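Containing mmCIF, C-alpha atoms: data_36.cif.
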data_target
loop_
_atom_site.label_atom_id
_atom_site.label_comp_id
_atom_site.auth_asym_id
_atom_site.auth_seq_id
_atom_site.Cartn_x
_atom_site.Cartn_y
_atom_site.Cartn_z
CA MET A 1 4.09 -21.56 -7.27
CA THR A 2 7.33 -19.57 -6.98
CA ILE A 3 9.60 -19.30 -10.03
CA GLN A 4 13.27 -19.42 -9.17
CA GLN A 5 15.82 -17.13 -10.85
CA GLY A 6 16.81 -18.47 -14.26
CA GLN A 7 13.77 -20.72 -14.42
CA GLN A 8 11.53 -20.28 -17.43
CA PRO A 9 7.78 -19.77 -16.75
CA LEU A 10 5.67 -22.84 -17.54
CA SER A 11 3.53 -22.71 -20.65
CA ARG A 12 -0.25 -23.15 -20.26
CA ARG A 13 -0.03 -26.64 -21.78
CA GLN A 14 2.70 -27.65 -19.33
CA MET A 15 0.65 -26.37 -16.41
CA ILE A 16 -2.40 -28.37 -17.51
CA GLN A 17 -0.34 -31.51 -18.03
CA GLY A 18 1.37 -31.10 -14.67
CA GLY A 19 -1.96 -30.57 -12.93
CA ALA A 20 -3.38 -33.70 -14.53
CA VAL A 21 -0.42 -35.76 -13.35
CA ALA A 22 -0.78 -34.39 -9.82
CA ALA A 23 -4.53 -35.03 -9.79
CA ALA A 24 -3.97 -38.60 -10.94
CA ALA A 25 -1.39 -39.13 -8.23
CA PHE A 26 -3.79 -37.94 -5.53
CA ALA A 27 -6.71 -39.91 -6.99
CA ALA A 28 -4.85 -43.20 -7.33
CA PRO A 29 -5.40 -44.45 -3.77
CA ALA A 30 -9.13 -43.60 -4.01
CA ILE A 31 -9.44 -45.52 -7.26
CA VAL A 32 -7.80 -48.59 -5.73
CA ARG A 33 -10.04 -48.35 -2.66
CA ALA A 34 -13.20 -47.93 -4.71
CA GLU A 35 -12.44 -51.05 -6.70
CA GLU A 36 -11.88 -53.22 -3.63
CA VAL A 37 -14.86 -55.55 -3.31
CA HIS A 38 -15.68 -57.45 -0.11
CA GLN A 39 -17.63 -60.70 -0.45
CA TRP A 40 -19.71 -61.83 2.53
CA LYS A 41 -22.00 -64.77 3.20
CA MET A 42 -25.20 -64.48 5.22
CA VAL A 43 -26.67 -67.63 6.76
CA THR A 44 -30.23 -67.53 8.08
CA THR A 45 -32.56 -69.65 10.16
CA TRP A 46 -35.41 -69.11 7.69
CA PRO A 47 -36.45 -70.99 4.55
CA LYS A 48 -35.09 -69.29 1.44
CA ASN A 49 -37.17 -66.25 0.42
CA PHE A 50 -39.73 -66.86 3.17
CA PRO A 51 -42.07 -63.82 3.33
CA ALA A 52 -40.88 -60.95 5.56
CA LEU A 53 -38.15 -62.99 7.32
CA GLY A 54 -36.23 -64.53 4.43
CA THR A 55 -37.04 -61.59 2.18
CA GLY A 56 -35.98 -59.30 5.02
CA ALA A 57 -32.52 -60.85 4.88
CA ASN A 58 -32.53 -60.36 1.12
CA PHE A 59 -33.52 -56.72 1.57
CA LEU A 60 -30.60 -56.13 3.92
CA ALA A 61 -28.11 -57.67 1.51
CA SER A 62 -29.45 -55.67 -1.43
CA ILE A 63 -29.38 -52.27 0.29
CA ILE A 64 -25.86 -52.86 1.63
CA GLU A 65 -24.66 -53.60 -1.89
CA GLU A 66 -26.49 -50.56 -3.26
CA MET A 67 -25.36 -48.17 -0.52
CA SER A 68 -21.76 -49.34 -0.84
CA GLY A 69 -21.72 -48.92 -4.60
CA GLY A 70 -21.07 -52.64 -5.00
CA ARG A 71 -18.05 -52.64 -2.67
CA LEU A 72 -19.74 -55.02 -0.22
CA LYS A 73 -21.71 -57.91 -1.70
CA ILE A 74 -23.59 -60.38 0.47
CA LYS A 75 -24.86 -63.76 -0.70
CA VAL A 76 -27.85 -64.94 1.34
CA PHE A 77 -28.34 -68.61 2.26
CA GLY A 78 -31.61 -70.00 3.60
CA ASP A 79 -32.00 -72.85 6.08
CA LYS A 80 -30.06 -75.95 4.93
CA GLU A 81 -28.57 -74.24 1.86
CA LEU A 82 -25.19 -73.85 3.55
CA VAL A 83 -25.89 -74.91 7.14
CA GLY A 84 -28.95 -75.87 9.17
CA ALA A 85 -31.03 -73.26 10.95
CA PHE A 86 -29.64 -74.00 14.40
CA GLU A 87 -26.03 -73.93 13.16
CA VAL A 88 -26.10 -70.23 12.24
CA PHE A 89 -24.56 -68.97 15.49
CA ASP A 90 -21.51 -71.25 15.35
CA THR A 91 -21.06 -70.70 11.62
CA VAL A 92 -20.76 -66.93 12.02
CA SER A 93 -18.73 -67.23 15.21
CA ARG A 94 -16.15 -69.37 13.33
CA GLY A 95 -16.09 -66.92 10.44
CA THR A 96 -17.34 -69.44 7.86
CA ALA A 97 -20.02 -66.85 7.18
CA GLN A 98 -19.66 -63.19 8.07
CA ILE A 99 -23.25 -62.46 9.06
CA GLY A 100 -26.28 -64.40 10.24
CA HIS A 101 -29.98 -63.71 10.65
CA GLY A 102 -32.21 -65.46 13.16
CA ALA A 103 -33.57 -65.03 16.68
CA ALA A 104 -31.55 -64.88 19.89
CA TYR A 105 -33.68 -67.42 21.79
CA TYR A 106 -32.37 -70.15 19.49
CA TRP A 107 -29.00 -69.81 21.23
CA LYS A 108 -30.05 -70.39 24.83
CA GLY A 109 -27.73 -73.39 24.85
CA LYS A 110 -24.83 -70.97 24.37
CA GLN A 111 -26.09 -68.35 26.82
CA GLN A 112 -29.40 -68.52 28.69
CA ALA A 113 -29.53 -64.74 28.79
CA ALA A 114 -29.58 -64.53 24.98
CA GLN A 115 -33.32 -65.25 25.09
CA LEU A 116 -33.97 -61.89 26.73
CA PHE A 117 -32.98 -60.09 23.52
CA SER A 118 -35.68 -61.75 21.45
CA ALA A 119 -38.72 -61.60 23.72
CA ILE A 120 -39.91 -62.42 27.21
CA PRO A 121 -43.46 -63.50 28.05
CA PHE A 122 -45.65 -60.49 28.85
CA GLY A 123 -42.68 -58.29 28.01
CA LEU A 124 -42.04 -55.40 25.64
CA ASN A 125 -43.89 -54.68 22.43
CA PRO A 126 -41.92 -53.89 19.23
CA GLN A 127 -41.72 -50.15 19.81
CA GLU A 128 -40.57 -50.72 23.38
CA MET A 129 -38.02 -53.38 22.39
CA ASN A 130 -36.39 -51.04 19.89
CA SER A 131 -36.36 -48.23 22.44
CA TRP A 132 -34.77 -50.43 25.09
CA LEU A 133 -32.12 -51.71 22.70
CA TYR A 134 -31.19 -48.37 21.13
CA TYR A 135 -31.73 -46.00 24.06
CA GLY A 136 -32.18 -48.08 27.21
CA GLY A 137 -28.83 -49.87 27.37
CA GLY A 138 -30.08 -53.15 25.90
CA LEU A 139 -27.77 -53.20 22.89
CA GLN A 140 -24.71 -52.58 25.05
CA LEU A 141 -25.64 -55.53 27.27
CA TRP A 142 -26.27 -57.69 24.21
CA THR A 143 -22.89 -56.78 22.74
CA LYS A 144 -21.18 -57.62 26.03
CA LEU A 145 -22.95 -61.00 26.15
CA TYR A 146 -21.77 -62.01 22.66
CA GLU A 147 -18.23 -60.67 22.94
CA PRO A 148 -16.70 -64.03 24.01
CA PHE A 149 -18.05 -65.55 20.78
CA GLY A 150 -16.47 -62.94 18.53
CA LEU A 151 -19.90 -61.68 17.46
CA ILE A 152 -21.55 -58.29 17.19
CA PRO A 153 -25.35 -58.45 17.63
CA VAL A 154 -27.73 -55.98 16.01
CA PRO A 155 -31.53 -55.82 15.67
CA ILE A 156 -32.64 -56.71 12.13
CA GLY A 157 -36.41 -56.82 12.15
CA ASN A 158 -39.27 -57.38 14.55
CA THR A 159 -42.24 -59.68 14.05
CA GLY A 160 -44.60 -57.38 15.90
CA VAL A 161 -47.02 -58.75 18.46
CA GLN A 162 -47.34 -62.44 17.68
CA MET A 163 -50.36 -64.71 17.76
CA GLY A 164 -50.80 -67.24 20.55
CA GLY A 165 -50.57 -70.18 18.21
CA TRP A 166 -52.39 -72.99 16.39
CA PHE A 167 -54.07 -75.80 18.34
CA ASN A 168 -55.85 -78.97 17.36
CA ARG A 169 -58.16 -78.58 20.35
CA GLU A 170 -59.70 -75.69 22.24
CA ILE A 171 -57.95 -74.24 25.28
CA LYS A 172 -60.68 -73.55 27.83
CA SER A 173 -58.64 -73.87 31.02
CA VAL A 174 -55.13 -74.43 32.33
CA GLU A 175 -55.90 -78.16 32.39
CA ASP A 176 -56.02 -78.17 28.59
CA LEU A 177 -52.30 -77.26 28.49
CA LYS A 178 -51.28 -80.43 30.33
CA GLY A 179 -49.74 -83.05 28.07
CA LEU A 180 -49.77 -80.64 25.12
CA LYS A 181 -46.84 -81.10 22.73
CA MET A 182 -46.23 -77.67 21.28
CA ARG A 183 -43.56 -76.11 19.12
CA ILE A 184 -42.65 -73.07 21.18
CA PRO A 185 -39.07 -71.81 21.66
CA GLY A 186 -37.41 -69.66 24.26
CA LEU A 187 -38.85 -68.64 27.59
CA GLY A 188 -42.39 -69.30 26.41
CA GLY A 189 -41.43 -72.96 26.13
CA GLU A 190 -40.23 -72.96 29.75
CA VAL A 191 -43.59 -71.57 30.86
CA LEU A 192 -45.50 -74.21 28.88
CA LYS A 193 -43.35 -76.91 30.47
CA ARG A 194 -44.21 -75.67 33.95
CA ALA A 195 -47.88 -75.64 32.96
CA GLY A 196 -47.61 -79.38 32.21
CA GLY A 197 -46.99 -79.25 28.48
CA THR A 198 -44.03 -80.40 26.41
CA PRO A 199 -42.19 -77.67 24.49
CA VAL A 200 -40.61 -78.74 21.20
CA SER A 201 -37.93 -76.75 19.39
CA LEU A 202 -38.23 -76.85 15.60
CA PRO A 203 -37.01 -74.55 12.84
CA GLY A 204 -39.77 -72.89 10.86
CA GLY A 205 -39.38 -75.12 7.84
CA GLU A 206 -40.33 -78.23 9.83
CA ILE A 207 -43.43 -76.90 11.60
CA TYR A 208 -46.18 -77.82 9.14
CA THR A 209 -45.05 -81.41 8.66
CA ALA A 210 -44.73 -81.97 12.41
CA LEU A 211 -48.21 -80.59 13.07
CA GLN A 212 -49.80 -82.47 10.19
CA SER A 213 -48.22 -85.77 11.20
CA GLY A 214 -49.26 -85.46 14.83
CA ALA A 215 -45.69 -85.20 16.11
CA ILE A 216 -46.87 -82.02 17.84
CA ASP A 217 -50.36 -80.98 18.97
CA ALA A 218 -49.90 -77.24 18.58
CA THR A 219 -47.47 -74.64 17.34
CA GLU A 220 -46.79 -70.97 17.51
CA TRP A 221 -45.02 -69.33 14.61
CA ILE A 222 -45.40 -65.60 14.08
CA GLY A 223 -48.63 -64.03 12.87
CA PRO A 224 -51.28 -64.33 10.15
CA TYR A 225 -49.12 -63.23 7.20
CA ASN A 226 -46.33 -65.72 7.89
CA ASP A 227 -48.58 -68.45 9.26
CA GLN A 228 -50.75 -68.40 6.15
CA ALA A 229 -47.65 -68.63 3.95
CA PHE A 230 -46.71 -71.86 5.73
CA GLY A 231 -50.21 -73.28 5.27
CA ILE A 232 -50.52 -74.06 8.98
CA TYR A 233 -54.31 -73.62 8.76
CA LYS A 234 -54.43 -76.92 6.86
CA ALA A 235 -53.20 -78.80 9.93
CA ALA A 236 -55.00 -77.00 12.79
CA LYS A 237 -58.13 -74.85 12.89
CA PHE A 238 -58.05 -73.18 16.31
CA TYR A 239 -56.03 -69.95 16.15
CA TYR A 240 -55.41 -68.29 19.51
CA TYR A 241 -54.48 -64.80 20.65
CA PRO A 242 -52.83 -62.89 22.28
CA GLY A 243 -49.21 -63.87 21.81
CA TRP A 244 -48.40 -63.72 25.53
CA HIS A 245 -45.09 -65.50 24.96
CA GLU A 246 -43.71 -63.09 22.33
CA PRO A 247 -45.32 -59.63 22.45
CA GLY A 248 -42.69 -58.07 20.21
CA THR A 249 -39.96 -60.39 19.02
CA THR A 250 -36.69 -58.83 17.89
CA LEU A 251 -34.98 -60.69 15.08
CA GLU A 252 -31.26 -60.81 15.32
CA GLY A 253 -28.34 -60.07 13.10
CA ILE A 254 -25.02 -61.49 14.24
CA ILE A 255 -21.88 -60.16 12.59
CA ASN A 256 -18.45 -61.74 12.82
CA LYS A 257 -16.43 -59.13 14.69
CA LYS A 258 -13.16 -59.70 12.81
CA ALA A 259 -14.91 -59.44 9.45
CA TYR A 260 -16.66 -56.26 10.50
CA GLU A 261 -13.50 -54.62 11.83
CA ALA A 262 -11.66 -55.52 8.60
CA LEU A 263 -14.05 -53.29 6.66
CA PRO A 264 -13.23 -49.63 5.97
CA LYS A 265 -15.01 -47.24 8.34
CA ASP A 266 -17.49 -46.10 5.72
CA LEU A 267 -18.55 -49.70 5.00
CA GLN A 268 -18.92 -50.34 8.72
CA ALA A 269 -21.28 -47.37 8.92
CA ILE A 270 -23.22 -48.65 5.91
CA VAL A 271 -23.68 -52.09 7.48
CA TRP A 272 -24.82 -50.63 10.79
CA ASN A 273 -27.33 -48.21 9.30
CA ALA A 274 -28.59 -50.72 6.74
CA CYS A 275 -29.44 -53.01 9.64
CA LYS A 276 -31.51 -50.20 11.16
CA ALA A 277 -33.33 -49.73 7.86
CA ALA A 278 -34.04 -53.48 7.61
CA ASN A 279 -35.26 -53.45 11.21
CA LEU A 280 -37.92 -50.87 10.31
CA GLU A 281 -38.73 -52.50 6.96
CA MET A 282 -39.74 -55.87 8.40
CA LEU A 283 -41.97 -54.51 11.16
CA SER A 284 -43.67 -52.15 8.71
CA GLU A 285 -44.35 -54.94 6.22
CA LEU A 286 -45.83 -57.29 8.80
CA THR A 287 -47.97 -54.56 10.36
CA ALA A 288 -49.34 -53.73 6.92
CA LYS A 289 -50.09 -57.30 5.86
CA ASN A 290 -51.21 -59.17 8.97
CA ASN A 291 -54.84 -58.11 9.06
CA ASP A 292 -55.54 -58.96 5.41
CA ALA A 293 -54.05 -62.40 6.04
CA LEU A 294 -56.12 -62.83 9.21
CA GLU A 295 -59.33 -62.00 7.33
CA SER A 296 -58.37 -64.51 4.65
CA LEU A 297 -57.72 -67.22 7.24
CA ILE A 298 -61.10 -66.65 8.87
CA ASN A 299 -63.28 -66.04 5.81
CA GLN A 300 -61.69 -68.26 3.17
CA HIS A 301 -60.08 -71.03 5.20
CA LYS A 302 -62.65 -71.13 8.02
CA VAL A 303 -60.09 -70.81 10.78
CA GLN A 304 -61.69 -70.46 14.23
CA LEU A 305 -60.23 -67.46 16.03
CA ARG A 306 -60.13 -67.81 19.81
CA ARG A 307 -58.94 -65.69 22.74
CA PHE A 308 -57.11 -67.34 25.62
CA PRO A 309 -59.31 -67.22 28.73
CA ASP A 310 -58.28 -64.67 31.35
CA ASP A 311 -57.60 -67.35 33.97
CA VAL A 312 -55.20 -69.10 31.57
CA LEU A 313 -53.34 -65.83 30.88
CA ARG A 314 -53.15 -65.02 34.60
CA HIS A 315 -51.71 -68.48 35.32
CA LEU A 316 -49.16 -68.20 32.50
CA ARG A 317 -48.13 -64.74 33.72
CA LYS A 318 -47.61 -66.03 37.27
CA MET A 319 -45.47 -68.94 36.09
CA SER A 320 -43.51 -66.67 33.77
CA ASP A 321 -42.61 -64.30 36.59
CA GLU A 322 -41.55 -67.24 38.76
CA ILE A 323 -39.33 -68.75 36.07
CA LEU A 324 -37.62 -65.45 35.24
CA ALA A 325 -36.96 -64.80 38.94
CA GLU A 326 -35.43 -68.27 39.36
CA MET A 327 -33.21 -67.87 36.31
CA ALA A 328 -32.05 -64.44 37.49
CA ALA A 329 -31.22 -65.84 40.94
CA ALA A 330 -29.08 -68.56 39.36
CA ASP A 331 -27.23 -66.39 36.82
CA PRO A 332 -25.87 -62.89 37.58
CA VAL A 333 -25.55 -62.06 33.87
CA PHE A 334 -29.18 -63.02 33.28
CA LYS A 335 -30.16 -60.91 36.29
CA GLU A 336 -28.28 -57.84 35.06
CA ILE A 337 -30.05 -57.94 31.71
CA LEU A 338 -33.47 -58.78 33.15
CA ASP A 339 -33.18 -55.95 35.68
CA SER A 340 -32.42 -53.53 32.86
CA LEU A 341 -35.39 -54.79 30.85
CA TYR A 342 -37.77 -54.64 33.82
CA LYS A 343 -36.65 -51.12 34.73
CA PHE A 344 -37.28 -49.97 31.19
CA ARG A 345 -40.65 -51.75 31.05
CA LYS A 346 -41.76 -49.94 34.20
CA GLN A 347 -40.92 -46.49 32.90
CA VAL A 348 -42.22 -47.03 29.37
CA SER A 349 -45.44 -48.58 30.73
CA ALA A 350 -46.06 -45.46 32.79
CA TRP A 351 -45.70 -43.33 29.67
CA HIS A 352 -47.81 -45.62 27.49
CA ALA A 353 -50.57 -45.61 30.11
CA VAL A 354 -51.25 -41.97 29.21
CA SER A 355 -50.25 -42.16 25.54
CA GLU A 356 -50.51 -45.32 23.41
CA GLN A 357 -53.00 -47.12 25.64
CA MET A 358 -55.28 -44.11 25.93
CA VAL A 359 -55.28 -43.50 22.20
CA LEU A 360 -56.21 -47.13 21.49
CA GLU A 361 -58.98 -47.02 24.08
CA SER A 362 -60.34 -43.73 22.77
CA ARG A 363 -60.49 -45.13 19.22
CA GLY A 364 -62.88 -47.76 20.47
CA LEU A 365 -65.33 -45.33 22.09
#

Let me see whether you can do it: turn the structure in this file into C-alpha cells.
Amino acid sequence: MTIQQGQQPLSRRQMIQGGAVAAAAFAAPAIVRAEEVHQWKMVTTWPKNFPALGTGANFLASIIEEMSGGRLKIKVFGDKELVGAFEVFDTVSRGTAQIGHGAAYYWKGKQQAAQLFSAIPFGLNPQEMNSWLYYGGGLQLWTKLYEPFGLIPVPIGNTGVQMGGWFNREIKSVEDLKGLKMRIPGLGGEVLKRAGGTPVSLPGGEIYTALQSGAIDATEWIGPYNDQAFGIYKAAKFYYYPGWHEPGTTLEGIINKKAYEALPKDLQAIVWNACKAANLEMLSELTAKNNDALESLINQHKVQLRRFPDDVLRHLRKMSDEILAEMAAADPVFKEILDSLYKFRKQVSAWHAVSEQMVLESRGL
C-alpha cells in the first residue's frame, strides 16, 4: 500500500480492522452461496427401502447430501408414495420431481430404443455394460435419445447377471413356453411372445401377489438376494438359470435437465460422480450377497434349481436375434444404438475370450 504525501501511516489496529473488513467483503458471496440449499425429489420404480434397489436410491441421496455439505438434499419416494412405478419417467420429465430411479426398458412406450440401455437378451454383462456406456459411446447415444424429453440419463446401479426366473412347472423344451403367462419386461418379453408365451409387465411390488393368485404362471425378477426378499419362493419352486434375457441389467437414473443445469457447477459434478459411486455400490452389494441367498433358497426353502436346456437357449437366442434385426430395420435410431452395442460386444468378447473366460475356466480345472 502506498502512502500519499500528508497521509498519516495506519496504526497496527487500523490495519487489522481494515483487513477484517476487506476479508468479510470478499467472503460474503461465498457465505451466501454456501447457505443456499437445493431441495430435490427422487421418485423410484421400487418399493420403499427394497434391498439393493430401493436402498441404492437412498444411498445416492445420502452421499449427495454429504458430499455437498447439505447444500443439495434429496427426498426419496418409493413406488406409489408420490407416483406409481410406471409414472416415474413423465414425473421427472415434467419437473414434478428432479430425479428418478428405475430401468430404461420400462419406457419402451416412449422410445423403443430405450430398452437397449437396460439389457438385451444374450447381450453384455455388467462390466461390459459399464464399459460400453462410459467408454464405448453408449452414454452419448442414451443422452441424445432422452434429449427431447428434457432428461439426462445416467447409470445408477447394475443388477449383475440375473436369474432366468421362477416357474410353477418345469421347462424341458420350447413347447413348455407356449401359453406361459410370465412377468418379463423389455426385449425378453418380446422373445417370450414369439416363443408362444404371454409377457406381462408388472412393477416389482405386484409380482408375488400375481404369481400366488395364478394371474401369472412364472416371473423373472432379479437374482437370489432380491427374489428371496420378495418371498417369491413361496409361490413357485422351480428356479431357472441362466438369465438369458438380462445378462447385466443397468439401472437408470433420469435427471431433469433444467433442474440439473440450475445447480452450481460444483453441485453438478457432485451429482454426476455420486451416481458413479452408487453404480458401483449396487453391483458390489448384489455380487456379495447373491450366493448366500441362493444357498438359503435351496437348503432352507427347498427351491429346485434348474438350468434351461441347451435347445431352449438356442431357440431363444435365434428368436432374439431375429426380433432385434426387425426392430433395427424399422427404426433408424434403434439401429444406430444396436449397431454400437453389437460392435462393442464383438470387441470386448474377443478380449474376454483370452481374459475373463479363461480365468473362470482355469479356476474349474

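Comparing the minimum interatomic distances between A:Glu285 and each of A:Gly231, A:Pro47, A:Pro155, A:Gly56, counting all atoms listed in the file, we find that A:Gly56 sits nearest.
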
For this session: Write out as a list in words the residues lying within 12 Å of A:Val200, counting all atoms listed in the file and excluding same-chain residues fewer than 3 positions away.
Result: Leu180, Lys181, Met182, Arg183, Ile184, Pro185, Gly186, Gly188, Gly189, Glu190, Leu192, Lys193, Gly197, Pro203, Gly204, Glu206, Ile207, Ala210, Leu211, Ala215, Ile216, Asp217, Ala218, Thr219 and Glu220 of chain A

Residue neighbourhood stretch 98-100 of chain A, 12 Å, all atoms listed in the file, exclusion window fewer than 5 positions, as a PDB file with C-alpha atoms, in the frame of the given file:
ATOM      1  CA  HIS A  38     -15.680 -57.450  -0.110  1.00  0.00           C
ATOM      2  CA  GLN A  39     -17.630 -60.700  -0.450  1.00  0.00           C
ATOM      3  CA  TRP A  40     -19.710 -61.830   2.530  1.00  0.00           C
ATOM      4  CA  LYS A  41     -22.000 -64.770   3.200  1.00  0.00           C
ATOM      5  CA  MET A  42     -25.200 -64.480   5.220  1.00  0.00           C
ATOM      6  CA  VAL A  43     -26.670 -67.630   6.760  1.00  0.00           C
ATOM      7  CA  THR A  44     -30.230 -67.530   8.080  1.00  0.00           C
ATOM      8  CA  THR A  45     -32.560 -69.650  10.160  1.00  0.00           C
ATOM      9  CA  TRP A  46     -35.410 -69.110   7.690  1.00  0.00           C
ATOM     10  CA  GLY A  54     -36.230 -64.530   4.430  1.00  0.00           C
ATOM     11  CA  ALA A  57     -32.520 -60.850   4.880  1.00  0.00           C
ATOM     12  CA  ASN A  58     -32.530 -60.360   1.120  1.00  0.00           C
ATOM     13  CA  LEU A  60     -30.600 -56.130   3.920  1.00  0.00           C
ATOM     14  CA  ALA A  61     -28.110 -57.670   1.510  1.00  0.00           C
ATOM     15  CA  LEU A  72     -19.740 -55.020  -0.220  1.00  0.00           C
ATOM     16  CA  LYS A  73     -21.710 -57.910  -1.700  1.00  0.00           C
ATOM     17  CA  ILE A  74     -23.590 -60.380   0.470  1.00  0.00           C
ATOM     18  CA  LYS A  75     -24.860 -63.760  -0.700  1.00  0.00           C
ATOM     19  CA  VAL A  76     -27.850 -64.940   1.340  1.00  0.00           C
ATOM     20  CA  PHE A  77     -28.340 -68.610   2.260  1.00  0.00           C
ATOM     21  CA  GLY A  78     -31.610 -70.000   3.600  1.00  0.00           C
ATOM     22  CA  ASP A  79     -32.000 -72.850   6.080  1.00  0.00           C
ATOM     23  CA  LEU A  82     -25.190 -73.850   3.550  1.00  0.00           C
ATOM     24  CA  VAL A  83     -25.890 -74.910   7.140  1.00  0.00           C
ATOM     25  CA  GLY A  84     -28.950 -75.870   9.170  1.00  0.00           C
ATOM     26  CA  ALA A  85     -31.030 -73.260  10.950  1.00  0.00           C
ATOM     27  CA  PHE A  86     -29.640 -74.000  14.400  1.00  0.00           C
ATOM     28  CA  GLU A  87     -26.030 -73.930  13.160  1.00  0.00           C
ATOM     29  CA  VAL A  88     -26.100 -70.230  12.240  1.00  0.00           C
ATOM     30  CA  PHE A  89     -24.560 -68.970  15.490  1.00  0.00           C
ATOM     31  CA  ASP A  90     -21.510 -71.250  15.350  1.00  0.00           C
ATOM     32  CA  THR A  91     -21.060 -70.700  11.620  1.00  0.00           C
ATOM     33  CA  VAL A  92     -20.760 -66.930  12.020  1.00  0.00           C
ATOM     34  CA  SER A  93     -18.730 -67.230  15.210  1.00  0.00           C
ATOM     35  CA  GLY A 150     -16.470 -62.940  18.530  1.00  0.00           C
ATOM     36  CA  LEU A 151     -19.900 -61.680  17.460  1.00  0.00           C
ATOM     37  CA  ILE A 152     -21.550 -58.290  17.190  1.00  0.00           C
ATOM     38  CA  PRO A 153     -25.350 -58.450  17.630  1.00  0.00           C
ATOM     39  CA  VAL A 154     -27.730 -55.980  16.010  1.00  0.00           C
ATOM     40  CA  PRO A 155     -31.530 -55.820  15.670  1.00  0.00           C
ATOM     41  CA  ILE A 156     -32.640 -56.710  12.130  1.00  0.00           C
ATOM     42  CA  LEU A 251     -34.980 -60.690  15.080  1.00  0.00           C
ATOM     43  CA  GLU A 252     -31.260 -60.810  15.320  1.00  0.00           C
ATOM     44  CA  GLY A 253     -28.340 -60.070  13.100  1.00  0.00           C
ATOM     45  CA  ILE A 254     -25.020 -61.490  14.240  1.00  0.00           C
ATOM     46  CA  ILE A 255     -21.880 -60.160  12.590  1.00  0.00           C
ATOM     47  CA  ASN A 256     -18.450 -61.740  12.820  1.00  0.00           C
ATOM     48  CA  LYS A 257     -16.430 -59.130  14.690  1.00  0.00           C
ATOM     49  CA  LYS A 258     -13.160 -59.700  12.810  1.00  0.00           C
ATOM     50  CA  ALA A 259     -14.910 -59.440   9.450  1.00  0.00           C
ATOM     51  CA  TYR A 260     -16.660 -56.260  10.500  1.00  0.00           C
ATOM     52  CA  GLU A 261     -13.500 -54.620  11.830  1.00  0.00           C
ATOM     53  CA  ALA A 262     -11.660 -55.520   8.600  1.00  0.00           C
ATOM     54  CA  LEU A 263     -14.050 -53.290   6.660  1.00  0.00           C
ATOM     55  CA  VAL A 271     -23.680 -52.090   7.480  1.00  0.00           C
ATOM     56  CA  CYS A 275     -29.440 -53.010   9.640  1.00  0.00           C
TER      57      CYS A 275
END

For this session: Tell me which protein, DNA and RNA residues are within 8 Å of A:Ile120, counting only C-alpha atoms, leaving out same-chain ones fewer than 2 positions away, and put them as JSON, numbers by chain.
Result: {"A": [115, 116, 118, 122, 123, 124, 187, 188, 245, 246, 247]}

To box stretch 175-181 of chain A, take all atoms listed in the file, fit an axis-aligned box, add 3 Å on each side, and give centre and edge lengths in Å to one decimal, as lines of an AutoDock Vina configuration file.
center_x = -51.4
center_y = -80.2
center_z = 27.6
size_x = 15.2
size_y = 11.8
size_z = 15.7

For this session: Please evaluate the PyMOL selection byres ((chain A and resi 250) around 9) against the structure above and give the resulting residues as JSON, numbers by chain.
Result: {"A": [103, 104, 117, 118, 119, 126, 129, 130, 155, 156, 157, 158, 159, 160, 248, 249, 251, 252, 279]}

Can I get the selected residues back with C-alpha atoms, as a PDB file, keeping the file's coordinate frame?
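Contents of part-v4.pdb, freshly written:
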ATOM      1  CA  ALA A 103     -33.570 -65.030  16.680  1.00  0.00           C
ATOM      2  CA  ALA A 104     -31.550 -64.880  19.890  1.00  0.00           C
ATOM      3  CA  PHE A 117     -32.980 -60.090  23.520  1.00  0.00           C
ATOM      4  CA  SER A 118     -35.680 -61.750  21.450  1.00  0.00           C
ATOM      5  CA  ALA A 119     -38.720 -61.600  23.720  1.00  0.00           C
ATOM      6  CA  PRO A 126     -41.920 -53.890  19.230  1.00  0.00           C
ATOM      7  CA  MET A 129     -38.020 -53.380  22.390  1.00  0.00           C
ATOM      8  CA  ASN A 130     -36.390 -51.040  19.890  1.00  0.00           C
ATOM      9  CA  PRO A 155     -31.530 -55.820  15.670  1.00  0.00           C
ATOM     10  CA  ILE A 156     -32.640 -56.710  12.130  1.00  0.00           C
ATOM     11  CA  GLY A 157     -36.410 -56.820  12.150  1.00  0.00           C
ATOM     12  CA  ASN A 158     -39.270 -57.380  14.550  1.00  0.00           C
ATOM     13  CA  THR A 159     -42.240 -59.680  14.050  1.00  0.00           C
ATOM     14  CA  GLY A 160     -44.600 -57.380  15.900  1.00  0.00           C
ATOM     15  CA  GLY A 248     -42.690 -58.070  20.210  1.00  0.00           C
ATOM     16  CA  THR A 249     -39.960 -60.390  19.020  1.00  0.00           C
ATOM     17  CA  LEU A 251     -34.980 -60.690  15.080  1.00  0.00           C
ATOM     18  CA  GLU A 252     -31.260 -60.810  15.320  1.00  0.00           C
ATOM     19  CA  ASN A 279     -35.260 -53.450  11.210  1.00  0.00           C
TER      20      ASN A 279
END

Exercise. For A:Ala288, which of A:Glu147, A:Glu65, A:Ser362, A:Gly223 is the closest residue, counting only C-alpha atoms?
Worked result: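 When distances to A:Ala288 are compared using only C-alpha atoms, the smallest one comes from A:Gly223.
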
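By only C-alpha atoms, and with residues fewer than 6 positions from A:Val303 along its chain excluded, the set lying at most 7 Å from it is Tyr233, Lys237, Phe238, Tyr239 and Leu297 of chain A.
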
Exercise. Atom CA of A:Lys144 to atom CA of A:Val348: how many Å, to one decimal?
Worked result: 23.8 Å

Exercise. So how far away is atom CA of A:Thr55 from atom CA of A:Met67, in Å?
Worked result: 18.0 Å

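Taking all atoms listed in the file into account, A:Arg94 lies nearest to A:Phe149 out of the set A:Trp142, A:Tyr134, A:Trp221, A:Phe149.
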
Exercise. Which residue out of A:Asp331, A:Asn273, A:Asp310, A:Lys178 has the minimum interatomic distance to A:Thr198 when only C-alpha atoms are used?
Worked result: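 Checking each of A:Asp331, A:Asn273, A:Asp310, A:Lys178 against A:Thr198, counting only C-alpha atoms, the winner is A:Lys178.
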
Exercise. Can you list what the PyMOL selection byres ((chain A and resi 169-171) around 10) grabs from this structure, as a ChimeraX atom specification?
Worked result: /A:166-168,172-177,180,217-218,236-240,304,306-309,312

For this session: Apply the PyMOL selection byres ((chain A and resi 289) around 10) to the displayed file and report the matching residues as a list in words.
Result: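 Checking the PyMOL selection byres ((chain A and resi 289) around 10) against this file, the residues are Ala52, Gly223, Pro224, Tyr225, Asn226, Ser284, Glu285, Leu286, Thr287, Ala288, Asn290, Asn291, Asp292, Ala293 and Leu294 of chain A.
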